[in-house]
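Trainee: My questions all concern the structure below.
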Amino acid sequence: MTNDPDIQWHWRNLNTRVDLSPNYPLHNDFMQVKVDDVGVVPRPIGHGWNLFGLPGDTTSPSRFIRLFYLRAYAMKVNPVTSFDDAVVLGTALLNNVFIPFGPVAADPRAMGDGPEFTDYGILKSTQERVMLIRGYRNTQWRKNRSQATGLLKSPCLAS
């Protein structure tokens with residue numbers, strides 16, 4: 001969910017991260033050389049290099065990009081096939097953009113502006129007609145089955 005910048009801006013901004021990949025970075029293997037006391041270079045050391053450049057700050061654009069790519073790559077490797085799978089993936093994604101109280105500074109010029117943090121999380125499944133809600137201090141999901149129109153109509157990332 002985003003409101004500033006608007007969703008169209010976020011969609012266009014995804015074009016700035018086309019270098020990310022779901023694959024292990026082997027594209028430079030053709031030029032590897034063996035160096036004494038160093039080994040073969042260039043080569044990736046460890047895992048996660050396919051996501052190098054994925055933003056990690058708490059700004060809205062960075063969080064949108066992170067959710068978009070992490071969701072897509074996770075579903076490419078392990079597609080969601082059940083409600084339980086969707087809850088696991090949705091929880092992992094929300095945990096990845098969770099903001100604790102304190103590190104995001106308030107704007108001192110804005111009257112009443114407090115530090116930004118994640119005060120609640122929501123996962124919705126229109127198919128199951130259920131909404132899961134968790135709070136900042138109690139992160140256990142609570143199920144809310146609703147017959148109300150509109151509550152479950154907006155799209156979500158994990159259902």
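Residues in the structure tokens are numbered from 1 in each chain, the chains being A, B, ... in the order shown, and ligands are numbered from 1 in the order shown.
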Per residue of range 51-90 of chain A within 9 Å of range 96-112 of chain A, record the nearest atom pair and its distance in Å to one decimal, counting only C-alpha atoms, with rows in chain order and ascending residue number, as a Markdown table.
Mentor:
```
| residue | atom | partner | partner_atom | distance |
| --- | --- | --- | --- | --- |
| A:Gly56 | CA | A:Val97 | CA | 8.7 |
| A:Asp57 | CA | A:Val97 | CA | 8.9 |
| A:Thr58 | CA | A:Ile99 | CA | 7.0 |
| A:Arg63 | CA | A:Val97 | CA | 6.0 |
| A:Phe64 | CA | A:Val97 | CA | 8.8 |
| A:Arg66 | CA | A:Val97 | CA | 8.0 |
| A:Leu67 | CA | A:Val97 | CA | 7.7 |
```
Trainee: Next, dump the selected residues to file, keeping only N, CA and C atoms, as a compact mmCIF listing (two decimals), in the first residue's frame.
Mentor:
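selection03.txt was written with the following content:
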```txt
# COMPACT_ATOMS: atom_id res chain seq x y z
N GLY A 56 17.74 -1.00 0.90
CA GLY A 56 17.46 -1.49 2.24
C GLY A 56 16.97 -0.43 3.21
N ASP A 57 16.80 0.80 2.73
CA ASP A 57 16.36 1.85 3.66
C ASP A 57 14.84 1.79 3.85
N THR A 58 14.31 2.69 4.66
CA THR A 58 12.89 2.63 5.02
C THR A 58 12.01 3.59 4.22
N ARG A 63 11.08 0.44 -0.06
CA ARG A 63 10.27 -0.66 0.46
C ARG A 63 9.41 -1.27 -0.65
N PHE A 64 8.87 -0.43 -1.53
CA PHE A 64 8.07 -0.92 -2.66
C PHE A 64 8.93 -1.81 -3.57
N ARG A 66 11.71 -3.39 -2.82
CA ARG A 66 12.10 -4.60 -2.11
C ARG A 66 10.97 -5.63 -2.11
N LEU A 67 9.75 -5.18 -1.79
CA LEU A 67 8.61 -6.11 -1.79
C LEU A 67 8.34 -6.68 -3.18
```
Trainee: List every residue of range 38-61 of chain A that has an atom at most 10 Å from any atom of range 18-22 of chain A, giving for each one its closest atom pair and the distance in Å to one decimal, counting only C-alpha atoms, sorted by chain and then by ascending residue number, as a tab-separated table.
Mentor:
```
residue	atom	partner	partner_atom	distance
A:Gly48	CA	A:Pro22	CA	9.7
A:Trp49	CA	A:Leu20	CA	8.9
A:Asn50	CA	A:Ser21	CA	5.2
A:Leu51	CA	A:Leu20	CA	5.5
A:Phe52	CA	A:Leu20	CA	7.0
A:Gly53	CA	A:Leu20	CA	7.3
A:Leu54	CA	A:Leu20	CA	7.4
```
Trainee: So that I have them on file, write out the residues from the current selection with C-alpha atoms, as a short mmCIF file (atom, residue, chain, number, x, y, z; two decimals), in the first residue's frame.
Mentor:
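For reference, part.cif as written:
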```cif
data_model
loop_
_atom_site.label_atom_id
_atom_site.label_comp_id
_atom_site.auth_asym_id
_atom_site.auth_seq_id
_atom_site.Cartn_x
_atom_site.Cartn_y
_atom_site.Cartn_z
CA GLY A 48 22.80 -12.90 -2.29
CA TRP A 49 24.73 -11.21 -5.09
CA ASN A 50 21.76 -11.54 -7.43
CA LEU A 51 20.06 -8.99 -5.15
CA PHE A 52 23.02 -6.61 -4.93
CA GLY A 53 21.60 -3.12 -5.29
CA LEU A 54 18.26 -3.97 -3.69
#
```
Trainee: Once DSSP has gone over the backbone, tell me which residues of chain A are in helix (DSSP H, G or I), as a count of residues only.
Mentor: 49
Trainee: Which parts of range 25-115 of chain A does DSSP call strand (DSSP E) when run on the backbone here, written out as number ranges by chain?
Mentor: A: 33-35, 39-41
Trainee: If I take CA of Lys34 in chain A and CA of His47 in chain A, how far is one from the other in Å, to one decimal?
Mentor: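 CA of Lys34 in chain A sits 21.0 Å away from CA of His47 in chain A.
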Trainee: Determine, counting only C-alpha atoms, which protein, DNA and RNA residues have an atom within 9 Å of an atom of Arg145 in chain A; residues of the same chain fewer than 4 positions away are not included. Present the result as a VMD selection string.
Mentor: chain A and resid 128 to 132
Trainee: Just the residues within 7 Å of Arg134 in chain A, please, counting only C-alpha atoms, with nothing from its chain fewer than 3 positions along; format it as an NGL selection string.
Mentor: :A and (120-122 or 138-142)
Trainee: Can you work out which one of A:Thr91, A:Asn28, A:Gln8, A:Asn144 has the shortest atom-to-atom distance to Pro42 in chain A, counting only C-alpha atoms?
Mentor: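 Selected residue with least distance to Pro42 in chain A: A:Asn28.
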Trainee: Record the distance separating CA of Val38 in chain A and CA of Tyr24 in chain A, expressed in Å with one decimal.
Mentor: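 If I compute the distance from CA of Val38 in chain A to CA of Tyr24 in chain A, I get 21.4 Å.
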Trainee: Check the smallest atom-to-atom distance from each of A:Phe117, A:Gln32, A:Leu89, A:Gly39 to Ala72 in chain A using only C-alpha atoms, then report the winner.
Mentor: A:Leu89
Trainee: Interatomic distance between CA of Glu116 in chain A and CA of Arg71 in chain A?
Mentor: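 Interatomic distance here is 23.8 Å.
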Trainee: Find, counting only C-alpha atoms, the residue in A:Lys124, A:Asn13, A:Leu93, A:Pro115 that gets nearest to Leu70 in chain A.
Mentor: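 Nearest to Leu70 in chain A: A:Leu93.
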Trainee: Between A:Asp119, A:Ser60, A:Gln127, A:Asn78, which is the closest to Trp9 in chain A once you count only C-alpha atoms?
Mentor: A:Ser60
